$ cat start_9.cif   # mmCIF, C-alpha atoms and all ligand atoms
data_protein
#
loop_
_atom_site.label_atom_id
_atom_site.label_comp_id
_atom_site.auth_asym_id
_atom_site.auth_seq_id
_atom_site.Cartn_x
_atom_site.Cartn_y
_atom_site.Cartn_z
CA MET F 1 -40.89 -240.34 -156.28
CA LEU F 2 -38.32 -239.53 -153.62
CA HIS F 3 -35.32 -241.78 -154.00
CA PRO F 4 -34.90 -243.75 -150.73
CA LEU F 5 -31.17 -242.98 -150.56
CA ARG F 6 -31.85 -239.29 -151.07
CA HIS F 7 -34.63 -239.49 -148.51
CA GLY F 8 -32.25 -241.06 -146.02
CA LEU F 9 -29.66 -238.39 -146.75
CA VAL F 10 -32.18 -235.57 -146.26
CA LEU F 11 -33.13 -237.10 -142.93
CA PHE F 12 -29.58 -237.37 -141.71
CA LEU F 13 -28.72 -233.92 -143.03
CA SER F 14 -31.56 -232.43 -141.06
CA VAL F 15 -31.06 -234.33 -137.82
CA GLY F 16 -27.27 -234.17 -137.86
CA ALA F 17 -27.07 -230.80 -136.22
CA MET F 18 -29.46 -231.80 -133.46
CA ALA F 19 -27.46 -234.58 -131.88
CA GLN F 20 -24.64 -234.00 -129.45
CA SER F 21 -21.89 -235.02 -131.82
CA ILE F 22 -18.71 -233.66 -130.30
CA VAL F 23 -17.74 -234.46 -126.73
CA ALA F 24 -15.12 -232.33 -125.02
CA GLU F 25 -12.69 -234.14 -122.75
CA GLY F 26 -13.24 -233.75 -119.02
CA ALA F 27 -11.10 -231.50 -116.88
CA GLU F 28 -7.42 -232.48 -116.69
CA PRO F 29 -6.20 -234.84 -115.49
CA ASN F 30 -8.55 -237.19 -117.33
CA GLY F 31 -6.53 -240.38 -117.17
CA TYR F 32 -7.52 -243.52 -115.31
CA PRO F 33 -9.85 -243.49 -113.44
CA ASN F 34 -11.00 -239.90 -114.23
CA TYR F 35 -12.30 -240.83 -117.67
CA THR F 36 -14.57 -238.91 -120.04
CA THR F 37 -17.65 -240.77 -121.29
CA ILE F 38 -18.16 -241.15 -125.04
CA GLN F 39 -20.85 -242.95 -127.05
CA CYS F 40 -21.00 -244.82 -130.34
CA GLY F 41 -20.88 -242.40 -133.27
CA GLN F 42 -19.58 -239.48 -131.27
CA GLN F 43 -16.27 -237.67 -131.66
CA GLY F 44 -14.08 -236.90 -128.69
CA ASP F 45 -12.35 -233.52 -128.74
CA GLY F 46 -9.24 -233.63 -126.56
CA VAL F 47 -5.82 -232.22 -125.97
CA ILE F 48 -2.66 -234.01 -124.97
CA ALA F 49 -1.58 -231.12 -122.78
CA SER F 50 1.80 -232.43 -121.67
CA VAL F 51 4.13 -235.37 -122.15
CA ALA F 52 2.57 -236.99 -119.08
CA ASP F 53 -1.03 -236.48 -120.23
CA THR F 54 -2.94 -239.67 -121.05
CA ASP F 55 -6.63 -239.38 -121.86
CA TYR F 56 -9.11 -242.12 -120.95
CA TRP F 57 -12.45 -242.29 -122.76
CA ARG F 58 -15.03 -244.79 -121.55
CA ILE F 59 -17.55 -246.39 -123.86
CA GLN F 60 -20.39 -248.61 -122.72
CA CYS F 61 -21.17 -251.22 -125.37
CA SER F 62 -24.78 -252.40 -125.28
CA GLY F 63 -24.10 -255.83 -126.77
CA ALA F 64 -22.00 -257.75 -129.27
CA MET F 65 -20.63 -255.36 -131.88
CA THR F 66 -17.56 -254.40 -133.86
CA LEU F 67 -15.74 -251.50 -132.30
CA ARG F 68 -13.43 -249.28 -134.28
CA ALA F 69 -11.81 -246.09 -133.07
CA PHE F 70 -9.38 -243.71 -134.72
CA VAL F 71 -7.46 -240.63 -133.72
CA GLY F 72 -6.67 -237.63 -135.91
CA PRO F 73 -5.53 -234.03 -135.58
CA GLY F 74 -7.90 -231.87 -133.50
CA PHE F 75 -9.46 -228.52 -134.25
CA ALA F 76 -7.50 -226.28 -131.90
CA GLN F 77 -3.94 -225.22 -132.66
CA PRO F 78 -1.45 -226.70 -132.13
CA ARG F 79 -2.64 -230.04 -133.50
CA ILE F 80 -0.87 -233.16 -132.35
CA GLN F 81 1.30 -234.75 -135.03
CA ASP F 82 1.76 -238.31 -133.78
CA THR F 83 -0.46 -240.35 -131.45
CA VAL F 84 -0.87 -243.78 -129.87
CA LEU F 85 -4.28 -245.38 -129.21
CA GLU F 86 -5.03 -248.24 -126.84
CA LEU F 87 -8.13 -250.29 -126.13
CA ARG F 88 -8.45 -251.48 -122.54
CA ASP F 89 -11.12 -253.42 -120.71
CA ALA F 90 -13.07 -252.03 -117.76
CA GLY F 91 -10.35 -253.28 -115.42
CA ASN F 92 -7.68 -251.32 -117.36
CA THR F 93 -6.11 -254.42 -118.95
CA LEU F 94 -4.64 -253.73 -122.39
CA LEU F 95 -6.56 -255.44 -125.24
CA ALA F 96 -5.16 -253.73 -128.34
CA SER F 97 -2.72 -250.97 -129.15
CA ASN F 98 -1.78 -249.04 -132.26
CA ASP F 99 0.80 -246.37 -132.99
CA ASP F 100 0.34 -245.66 -136.71
CA GLY F 101 -2.81 -246.91 -138.43
CA SER F 102 -3.26 -247.94 -142.07
CA GLY F 103 -3.96 -244.92 -144.27
CA ILE F 104 -3.83 -242.25 -141.55
CA GLY F 105 -0.14 -241.46 -141.35
CA LEU F 106 1.22 -241.19 -137.81
CA TYR F 107 -2.27 -241.19 -136.28
CA SER F 108 -3.75 -244.28 -134.69
CA GLU F 109 -6.59 -246.74 -135.17
CA VAL F 110 -7.97 -249.72 -133.29
CA ARG F 111 -9.74 -251.53 -136.07
CA ASP F 112 -12.47 -254.12 -135.96
CA PHE F 113 -12.31 -255.18 -132.33
CA ARG F 114 -15.05 -257.76 -131.77
CA VAL F 115 -16.92 -256.90 -128.60
CA PRO F 116 -18.44 -260.19 -127.37
CA GLY F 117 -21.36 -258.74 -125.39
CA PRO F 118 -22.44 -255.90 -123.13
CA GLY F 119 -19.54 -254.24 -121.38
CA ALA F 120 -17.47 -251.13 -120.81
CA TYR F 121 -14.16 -250.35 -122.46
CA PHE F 122 -11.57 -247.60 -122.31
CA LEU F 123 -10.06 -245.90 -125.33
CA VAL F 124 -6.76 -244.38 -124.27
CA VAL F 125 -5.10 -241.60 -126.26
CA ARG F 126 -1.60 -240.30 -125.74
CA GLY F 127 1.08 -238.58 -127.74
CA TYR F 128 3.80 -240.62 -129.36
CA ALA F 129 7.06 -239.83 -127.53
CA ALA F 130 6.88 -236.15 -126.52
CA TYR F 131 4.20 -235.02 -129.00
CA THR F 132 1.41 -232.84 -127.61
CA GLY F 133 -1.56 -230.96 -129.05
CA SER F 134 -5.24 -231.31 -129.89
CA TYR F 135 -6.73 -234.51 -131.32
CA SER F 136 -10.03 -235.99 -132.42
CA LEU F 137 -11.22 -239.48 -131.40
CA ASP F 138 -13.94 -241.12 -133.50
CA VAL F 139 -15.79 -244.17 -132.21
CA GLN F 140 -17.65 -246.40 -134.66
CA CYS F 141 -19.90 -249.23 -133.53
CA GLY F 142 -20.79 -251.62 -136.33
CA PRO F 143 -22.57 -254.95 -136.52
CA SER F 144 -20.91 -257.94 -134.93
CA GLY F 145 -18.77 -260.10 -137.21
CA PRO F 146 -16.77 -263.31 -137.14
CA ALA F 147 -13.86 -263.31 -134.72
CA TRP F 148 -10.44 -262.57 -136.19
CA ALA F 149 -8.32 -265.69 -136.03
CA PRO F 150 -4.60 -265.21 -135.47
CA GLY F 151 -2.16 -266.79 -137.86
CA GLY F 152 1.15 -266.07 -139.44
CA GLU F 153 4.18 -267.20 -141.28
CA CYS F 154 5.07 -270.88 -141.16
CA GLY F 155 8.85 -270.40 -141.66
CA GLU F 156 11.22 -268.52 -143.95
CA PRO F 157 11.63 -268.55 -146.89
CA ASN F 158 7.99 -268.83 -147.98
CA ILE F 159 7.88 -267.35 -151.43
CA THR F 160 7.16 -270.35 -153.64
CA ASN F 161 3.84 -272.11 -154.09
CA GLY F 162 5.36 -275.11 -152.35
CA THR F 163 6.47 -273.12 -149.28
CA ALA F 164 3.43 -270.80 -149.07
CA CYS F 165 1.83 -270.58 -145.63
CA PRO F 166 -1.89 -271.27 -145.14
CA ALA F 167 -4.47 -268.48 -144.80
CA THR F 168 -8.25 -268.49 -144.50
CA CYS F 169 -11.12 -266.03 -144.22
CA TRP F 170 -10.95 -263.83 -141.12
CA ASN F 171 -7.30 -264.57 -140.52
CA ARG F 172 -5.26 -261.73 -139.05
CA LEU F 173 -1.80 -262.95 -140.00
CA ALA F 174 1.40 -261.73 -138.40
CA GLY F 175 4.54 -261.78 -140.52
CA ALA F 176 7.86 -260.12 -141.11
CA ILE F 177 9.68 -258.97 -144.19
CA ALA F 178 12.87 -260.13 -142.55
CA SER F 179 15.40 -258.73 -145.00
CA ALA F 180 15.58 -256.91 -148.32
CA GLY F 181 14.14 -259.17 -151.00
CA ASP F 182 12.02 -261.26 -148.59
CA LYS F 183 8.52 -261.91 -149.92
CA ASP F 184 5.87 -263.85 -148.05
CA ARG F 185 3.39 -266.02 -149.92
CA PHE F 186 0.13 -267.25 -148.40
CA VAL F 187 -2.18 -269.84 -149.95
CA PHE F 188 -5.96 -269.86 -149.58
CA THR F 189 -9.07 -271.11 -151.33
CA ALA F 190 -11.88 -268.96 -152.67
CA THR F 191 -15.25 -269.83 -154.15
CA SER F 192 -16.87 -268.33 -157.20
CA GLY F 193 -18.70 -265.12 -156.31
CA GLN F 194 -16.80 -264.63 -153.06
CA ARG F 195 -15.26 -261.22 -152.35
CA ILE F 196 -12.21 -261.09 -150.13
CA THR F 197 -10.50 -257.89 -149.03
CA PHE F 198 -6.80 -258.25 -148.23
CA SER F 199 -5.28 -255.42 -146.18
CA THR F 200 -1.82 -254.89 -144.75
CA GLY F 201 -0.89 -252.81 -141.75
CA PRO F 202 1.98 -252.37 -139.33
CA GLY F 203 3.00 -255.31 -137.16
CA VAL F 204 2.32 -255.20 -133.44
CA THR F 205 5.66 -256.66 -132.37
CA GLY F 206 9.20 -255.72 -133.31
CA VAL F 207 9.94 -252.93 -135.78
CA ALA F 208 6.86 -252.40 -137.92
CA ILE F 209 7.19 -252.13 -141.68
CA SER F 210 6.25 -248.71 -143.08
CA ASP F 211 5.50 -249.52 -146.71
CA THR F 212 4.19 -252.76 -148.25
CA THR F 213 2.91 -254.16 -151.52
CA LEU F 214 0.36 -256.93 -152.16
CA THR F 215 0.09 -259.24 -155.16
CA LEU F 216 -2.82 -261.63 -155.76
CA ARG F 217 -1.99 -264.64 -157.94
CA SER F 218 -3.80 -267.58 -159.50
CA ASP F 219 -2.68 -271.14 -158.81
CA THR F 220 -0.42 -270.93 -161.89
CA GLY F 221 1.25 -267.75 -160.64
CA THR F 222 -0.52 -265.29 -162.95
CA VAL F 223 -0.95 -261.88 -161.34
CA ILE F 224 -4.68 -261.19 -160.86
CA ALA F 225 -4.37 -257.92 -158.96
CA ASP F 226 -1.74 -255.90 -157.16
CA ASN F 227 -1.61 -252.84 -154.96
CA ASP F 228 1.00 -250.61 -153.42
CA ASP F 229 -0.57 -247.72 -151.50
CA ALA F 230 -4.36 -248.03 -151.09
CA LEU F 231 -4.04 -247.42 -147.32
CA GLY F 232 -1.46 -244.68 -147.05
CA LEU F 233 1.74 -246.62 -147.80
CA TYR F 234 0.07 -249.90 -146.83
CA SER F 235 -1.82 -252.01 -149.33
CA ARG F 236 -5.30 -253.30 -150.00
CA ILE F 237 -6.85 -255.51 -152.65
CA SER F 238 -10.58 -256.21 -152.70
CA TYR F 239 -11.34 -258.90 -155.25
CA SER F 240 -14.48 -260.72 -156.28
CA PHE F 241 -13.45 -264.23 -157.38
CA THR F 242 -15.12 -265.59 -160.51
CA SER F 243 -13.99 -269.18 -160.17
CA SER F 244 -13.47 -271.48 -157.24
CA GLY F 245 -9.97 -272.70 -156.54
CA THR F 246 -6.61 -272.18 -154.91
CA TYR F 247 -5.03 -268.71 -154.94
CA TYR F 248 -1.95 -266.99 -153.52
CA ILE F 249 -1.39 -263.60 -151.92
CA ASP F 250 2.14 -262.17 -151.64
CA VAL F 251 3.27 -259.55 -149.13
CA ALA F 252 6.49 -257.64 -149.85
CA GLY F 253 8.29 -254.49 -148.75
CA TYR F 254 8.17 -251.52 -151.10
CA LEU F 255 10.73 -251.98 -153.90
CA ASP F 256 11.75 -255.16 -152.03
CA GLN F 257 13.83 -252.88 -149.79
CA VAL F 258 11.58 -251.86 -146.89
CA VAL F 259 11.61 -254.37 -144.04
CA GLY F 260 9.75 -254.97 -140.77
CA THR F 261 6.77 -256.71 -139.24
CA TYR F 262 3.27 -256.52 -140.70
CA GLN F 263 -0.28 -257.77 -140.33
CA LEU F 264 -2.29 -259.17 -143.23
CA GLU F 265 -6.08 -259.43 -142.90
CA LEU F 266 -8.49 -261.49 -145.00
CA ASP F 267 -11.90 -259.86 -144.64
CA CYS F 268 -14.63 -262.04 -146.13
CA SER F 269 -17.60 -259.83 -145.21
CA GLY F 270 -18.15 -259.06 -148.89
CA VAL F 271 -18.26 -255.32 -148.16
CA VAL F 272 -16.50 -253.29 -150.85
CA PRO F 273 -14.09 -250.88 -149.12
CA SER F 274 -14.66 -247.32 -150.19
CA PRO F 275 -12.74 -244.41 -148.68
CA GLY F 276 -14.60 -241.38 -147.39
CA SER F 277 -13.18 -238.13 -148.73
CA MET F 278 -13.31 -234.36 -148.53
CA THR F 279 -12.28 -232.12 -151.43
CA THR F 280 -12.56 -228.35 -151.82
CA PHE F 281 -13.44 -226.38 -154.95
CA GLY F 282 -13.35 -222.75 -156.03
CA ALA F 283 -12.83 -219.75 -153.80
CA GLY F 284 -14.88 -217.53 -151.54
CA CYS F 285 -15.24 -213.78 -151.77
CA ILE F 286 -13.69 -211.05 -149.67
CA GLY F 287 -15.37 -209.62 -146.59
CA SER F 288 -15.26 -206.13 -145.09
CA LEU F 289 -12.32 -207.09 -142.86
CA GLY F 290 -10.30 -208.32 -145.81
CA HIS F 291 -10.74 -212.02 -145.12
CA ILE F 292 -12.10 -214.66 -147.47
CA PRO F 293 -14.13 -217.31 -145.58
CA ARG F 294 -12.73 -220.75 -146.22
CA ILE F 295 -14.08 -224.26 -145.81
CA GLN F 296 -11.19 -226.53 -145.01
CA ARG F 297 -10.34 -230.14 -144.85
CA ARG F 298 -8.63 -230.62 -141.49
CA THR F 299 -5.09 -231.84 -141.93
CA SER F 300 -2.02 -232.58 -139.89
CA SER F 301 0.48 -229.77 -139.42
CA SER F 302 2.43 -231.10 -142.39
CA GLY F 303 -0.74 -230.97 -144.51
CA LEU F 304 -0.03 -234.51 -145.71
CA THR F 305 -2.58 -236.47 -143.69
CA TYR F 306 -6.28 -235.94 -143.19
CA VAL F 307 -8.21 -238.24 -140.89
CA GLU F 308 -11.42 -236.24 -140.54
CA ARG F 309 -13.85 -237.37 -143.24
CA PRO F 310 -17.35 -238.81 -143.59
CA ILE F 311 -17.24 -242.48 -142.61
CA ILE F 312 -20.43 -244.35 -141.81
CA GLY F 313 -21.13 -244.67 -138.10
CA THR F 314 -19.03 -241.61 -137.22
CA VAL F 315 -19.45 -237.88 -137.04
CA MET F 316 -17.96 -235.78 -139.81
CA VAL F 317 -16.69 -232.43 -138.63
CA GLY F 318 -16.27 -229.62 -141.13
CA ASP F 319 -14.09 -226.61 -140.40
CA MET F 320 -14.54 -222.96 -141.43
CA THR F 321 -11.82 -220.34 -141.05
CA GLN F 322 -11.31 -216.65 -141.88
CA CYS F 323 -14.87 -215.66 -141.03
CA PRO F 324 -15.72 -212.28 -139.45
CA PRO F 325 -15.44 -212.95 -135.68
CA GLY F 326 -18.84 -212.87 -134.00
CA GLY F 327 -20.65 -212.93 -137.35
CA LEU F 328 -23.53 -215.20 -138.32
CA LEU F 329 -22.49 -218.20 -140.40
CA VAL F 330 -24.92 -220.39 -142.31
CA ILE F 331 -23.62 -223.72 -143.66
CA GLY F 332 -25.60 -224.86 -146.65
CA GLY F 333 -25.72 -228.48 -147.79
CA ALA F 334 -26.78 -229.87 -151.17
CA PHE F 335 -26.55 -233.11 -153.13
CA GLN F 336 -24.90 -231.55 -156.15
CA GLU F 337 -23.00 -228.45 -157.12
CA LEU F 338 -24.30 -225.70 -159.39
CA ASN F 339 -22.63 -225.93 -162.76
CA PRO F 340 -21.88 -223.26 -163.75
CA SER F 341 -21.73 -221.34 -160.48
CA ILE F 342 -23.87 -218.22 -160.22
CA ASN F 343 -22.16 -214.86 -159.67
CA LEU F 344 -24.14 -213.12 -156.94
CA GLY F 345 -23.11 -209.75 -158.44
CA ILE F 346 -26.61 -209.54 -159.88
CA LEU F 347 -27.89 -209.48 -156.30
CA GLY F 348 -25.27 -207.02 -155.05
CA ALA F 349 -22.40 -209.33 -154.03
CA PRO F 350 -19.98 -209.11 -156.96
CA GLY F 351 -17.37 -211.86 -157.10
CA CYS F 352 -19.31 -214.09 -154.70
CA MET F 353 -20.06 -217.36 -156.49
CA ALA F 354 -23.04 -219.46 -155.40
CA GLN F 355 -21.82 -223.03 -155.95
CA ILE F 356 -24.85 -224.87 -154.52
CA ILE F 357 -28.58 -224.48 -153.95
CA ALA F 358 -28.85 -225.59 -150.36
CA VAL F 359 -31.41 -228.17 -149.22
CA SER F 360 -30.23 -227.95 -145.59
CA LEU F 361 -29.12 -224.93 -143.61
CA GLU F 362 -27.37 -224.76 -140.26
CA ALA F 363 -26.75 -221.39 -138.61
CA GLN F 364 -24.24 -220.52 -135.89
CA VAL F 365 -22.26 -217.59 -134.52
CA VAL F 366 -18.59 -217.48 -135.50
CA GLY F 367 -16.07 -217.65 -132.66
CA GLY F 368 -13.66 -214.89 -131.73
CA SER F 369 -10.86 -216.41 -133.80
CA GLY F 370 -12.99 -216.35 -136.94
CA THR F 371 -13.31 -220.15 -136.93
CA ALA F 372 -16.33 -222.42 -136.74
CA GLN F 373 -17.14 -226.12 -137.00
CA TRP F 374 -20.21 -227.96 -138.13
CA THR F 375 -21.07 -231.62 -137.88
CA LEU F 376 -22.80 -234.35 -139.81
CA ASN F 377 -23.74 -237.59 -138.08
CA VAL F 378 -23.31 -240.27 -140.70
CA PRO F 379 -25.44 -243.33 -139.84
CA TYR F 380 -23.93 -246.81 -140.02
CA ASP F 381 -25.57 -247.68 -143.34
CA GLN F 382 -23.57 -249.20 -146.21
CA ASN F 383 -26.22 -247.84 -148.62
CA LEU F 384 -24.90 -244.34 -147.93
CA VAL F 385 -21.40 -245.19 -149.16
CA GLY F 386 -20.60 -243.14 -152.25
CA ALA F 387 -23.17 -240.44 -151.53
CA ALA F 388 -21.84 -236.92 -152.08
CA ILE F 389 -22.79 -233.84 -150.09
CA GLU F 390 -21.71 -230.37 -151.20
CA TYR F 391 -21.22 -227.66 -148.57
CA GLN F 392 -20.79 -223.92 -148.86
CA GLY F 393 -20.67 -221.30 -146.12
CA ILE F 394 -22.63 -218.04 -146.25
CA VAL F 395 -21.52 -215.33 -143.83
CA LEU F 396 -23.54 -212.22 -143.03
CA ASP F 397 -21.28 -209.19 -143.52
CA GLN F 398 -23.34 -206.03 -143.99
CA PHE F 399 -20.37 -203.83 -144.88
CA ALA F 400 -18.90 -206.19 -147.51
CA ASN F 401 -21.30 -205.30 -150.31
CA SER F 402 -24.86 -204.16 -150.93
CA LEU F 403 -26.27 -207.69 -150.48
CA GLY F 404 -24.64 -207.87 -147.05
CA LEU F 405 -23.22 -211.37 -147.31
CA ILE F 406 -20.15 -213.19 -148.49
CA VAL F 407 -19.63 -216.86 -149.32
CA SER F 408 -16.88 -219.44 -148.88
CA ASN F 409 -15.44 -221.95 -151.29
CA ARG F 410 -17.18 -225.35 -151.59
CA LEU F 411 -16.42 -228.67 -149.92
CA ARG F 412 -17.49 -232.02 -151.33
CA ALA F 413 -17.84 -234.80 -148.77
CA ILE F 414 -18.14 -238.33 -150.16
CA VAL F 415 -19.37 -240.88 -147.65
CA GLY F 416 -17.15 -243.93 -147.27
CA ASN F 417 -16.74 -246.96 -145.04
CA SER F 418 -12.95 -246.82 -144.69
CA PHE F 419 -9.85 -244.71 -145.19
CA CA G 501 -6.05 -234.37 -122.06
CA CA G 502 1.65 -242.71 -134.15
CA CA G 503 8.88 -263.31 -144.14
CA CA G 504 3.16 -249.38 -150.36
#

$ encode --input "start_9.cif" --output "structure tokens" --more "lines below"
Ligand SMILES: [Ca+2]
Ligand SMILES: [Ca+2]
Ligand SMILES: [Ca+2]
Ligand SMILES: [Ca+2]
Amino acid sequence: MLHPLRHGLVLFLSVGAMAQSIVAEGAEPNGYPNYTTIQCGQQGDGVIASVADTDYWRIQCSGAMTLRAFVGPGFAQPRIQDTVLELRDAGNTLLASNDDGSGIGLYSEVRDFRVPGPGAYFLVVRGYAAYTGSYSLDVQCGPSGPAWAPGGECGEPNITNGTACPATCWNRLAGAIASAGDKDRFVFTATSGQRITFSTGPGVTGVAISDTTLTLRSDTGTVIADNDDALGLYSRISYSFTSSGTYYIDVAGYLDQVVGTYQLELDCSGVVPSPGSMTTFGAGCIGSLGHIPRIQRRTSSSGLTYVERPIIGTVMVGDMTQCPPGGLLVIGGAFQELNPSINLGILGAPGCMAQIIAVSLEAQVVGGSGTAQWTLNVPYDQNLVGAAIEYQGIVLDQFANSLGLIVSNRLRAIVGNSF
């Protein structure tokens, strides 16, 4: 019997290439009101061409939903290193703004904005300070959820059980680690079987903290769970409570030295956060022009941050480099790798290792720079979280060897619902 998850994956593997997944920005200038239209699940492909360039993307929401958008480095060189993202209403009034998101370095995210009903919004991308370059903009539309309720600190110091400030489900709490050694304690109640995900991120006012820790405690002060860097340098604890009662969550600066403003969220949806990821394995084999085709995870210029990854409700974009320009590239997809790999020397391509047996194939012509992209539309389906897809590129190169093809390394994409 065909496993339903596998069946779903086969379906989305095969239809992924059909949909219009990547939307190029309109001609410059594309600021207000000369926006580019983007839809749920698509990825915008833009360039901040100059310090003055501000890109407006318009999305029409069909009803109540949860809107999330994030910016990362683009495909074209040079890639922007630091962005700012805003959400504005159809009248250009600012609704939310982010400089550096949680878990994506200096790139930006507007997370979990609750759209109340049908309406149009603008996502506005610009470079931080004088940064310019290419960027990607992913737009995820998820099911509607409870409204985030603002809250915050109730006065300093608030580090003892007696001075802890109140928190509840779906609070988005604003606080400040005011000085070295400041810790902020919040008190809440949980019921047996309830899962709560606590996440920190930068504050929206004042100087935002860059590095936090979280500690979850019982009513007697026993540490139940702690986290430093689940979201980049920010923190996340997702805990399923086994007994009903009063609990405490502490926010602190890293090593009790880092200071600044923060946000703490209590997500009671019960969804287990699971980061999407991309990892590469092995090596390709050399072509007639001396290049080895390479599947790459797209990173920032520093190589430290990667935003592009398979997250439900978004498009995953894979990058190939070092291919013969103008050649035919076939991207193969599979649900597991070949172990051990098969040396295609027996077929006339010595040193070329087949690392998968593909169940999906997507062909395209390589661009003049020897680069190519391919896409996977990942449906908004929590059942897909954790699914792995293995990719390997096959490039026709008749002069490379007697088989007339070379292969790339392998990329494993694991579907997630978060960073
Ligand atoms: Ca632009
Ligand atoms: Ca930034
Ligand atoms: Ca404080
Ligand atoms: Ca940290």

$ residues_near_ligand --input "start_9.cif" --ligand "ligand CA 504 (chain G)" --cutoff "9 Å" --atoms "only C-alpha atoms and all ligand atoms" --output "mmCIF file with C-alpha atoms, keeping the file's coordinate frame"
data_model
loop_
_atom_site.group_PDB
_atom_site.id
_atom_site.type_symbol
_atom_site.label_atom_id
_atom_site.label_comp_id
_atom_site.auth_asym_id
_atom_site.auth_seq_id
_atom_site.Cartn_x
_atom_site.Cartn_y
_atom_site.Cartn_z
ATOM 1 C CA SER F 210 6.250 -248.710 -143.080
ATOM 2 C CA ASP F 211 5.500 -249.520 -146.710
ATOM 3 C CA THR F 212 4.190 -252.760 -148.250
ATOM 4 C CA THR F 213 2.910 -254.160 -151.520
ATOM 5 C CA LEU F 214 0.360 -256.930 -152.160
ATOM 6 C CA ASN F 227 -1.610 -252.840 -154.960
ATOM 7 C CA ASP F 228 1.000 -250.610 -153.420
ATOM 8 C CA ASP F 229 -0.570 -247.720 -151.500
ATOM 9 C CA ALA F 230 -4.360 -248.030 -151.090
ATOM 10 C CA LEU F 231 -4.040 -247.420 -147.320
ATOM 11 C CA GLY F 232 -1.460 -244.680 -147.050
ATOM 12 C CA LEU F 233 1.740 -246.620 -147.800
ATOM 13 C CA TYR F 234 0.070 -249.900 -146.830
ATOM 14 C CA SER F 235 -1.820 -252.010 -149.330
ATOM 15 C CA ALA F 252 6.490 -257.640 -149.850
ATOM 16 C CA GLY F 253 8.290 -254.490 -148.750
ATOM 17 C CA TYR F 254 8.170 -251.520 -151.100
ATOM 18 C CA LEU F 255 10.730 -251.980 -153.900
#

$ atom_distance --input "start_9.cif" --atom1 "CA of Gln336 (chain F)" --atom2 "CA of Ile295 (chain F)"
16.6 Å

$ residues_around --input "start_9.cif" --residues "Gly348 (chain F)" --least-positions-apart "2" --cutoff "7 Å" --atoms "only C-alpha atoms" --output "ChimeraX atom specification"
/F:344-346,350,401-403

$ residues_near_ligand --input "start_9.cif" --ligand "ligand CA 502 (chain G)" --cutoff "6 Å" --atoms "all atoms listed in the file" --output "MDAnalysis selection string"
chainID F and resid 82:84 99:100 106:108 128

$ closest_atom_pairs --input "start_9.cif" --of "chain F" --to "ligand CA 503 (chain G)" --cutoff "7 Å" --atoms "all atoms listed in the file" --output "tab-separated table"
residue	atom	partner	partner_atom	distance
F:Glu153	CA	G:CA503	CA	6.7
F:Glu156	CA	G:CA503	CA	5.7
F:Pro157	CA	G:CA503	CA	6.5
F:Asn158	CA	G:CA503	CA	6.8
F:Gly175	CA	G:CA503	CA	5.9
F:Ala176	CA	G:CA503	CA	4.5
F:Ile177	CA	G:CA503	CA	4.4
F:Ala178	CA	G:CA503	CA	5.3
F:Asp182	CA	G:CA503	CA	5.8
F:Lys183	CA	G:CA503	CA	6.0
F:Asp184	CA	G:CA503	CA	5.0

$ residues_near_ligand --input "start_9.cif" --ligand "ligand CA 501 (chain G)" --cutoff "7 Å" --atoms "all atoms listed in the file" --output "short mmCIF file (atom, residue, chain, number, x, y, z; two decimals) with C-alpha atoms, in the coordinates of the input"
data_model
loop_
_atom_site.label_atom_id
_atom_site.label_comp_id
_atom_site.auth_asym_id
_atom_site.auth_seq_id
_atom_site.Cartn_x
_atom_site.Cartn_y
_atom_site.Cartn_z
CA GLU F 25 -12.69 -234.14 -122.75
CA GLU F 28 -7.42 -232.48 -116.69
CA PRO F 29 -6.20 -234.84 -115.49
CA ASN F 30 -8.55 -237.19 -117.33
CA GLY F 46 -9.24 -233.63 -126.56
CA VAL F 47 -5.82 -232.22 -125.97
CA ILE F 48 -2.66 -234.01 -124.97
CA ALA F 49 -1.58 -231.12 -122.78
CA ASP F 53 -1.03 -236.48 -120.23
CA THR F 54 -2.94 -239.67 -121.05
CA ASP F 55 -6.63 -239.38 -121.86
#

$ closest_residue --input "start_9.cif" --among "F:Ala167, F:Met65, F:Leu328, F:Val272" --to "Gln382 (chain F)" --atoms "only C-alpha atoms"
F:Val272
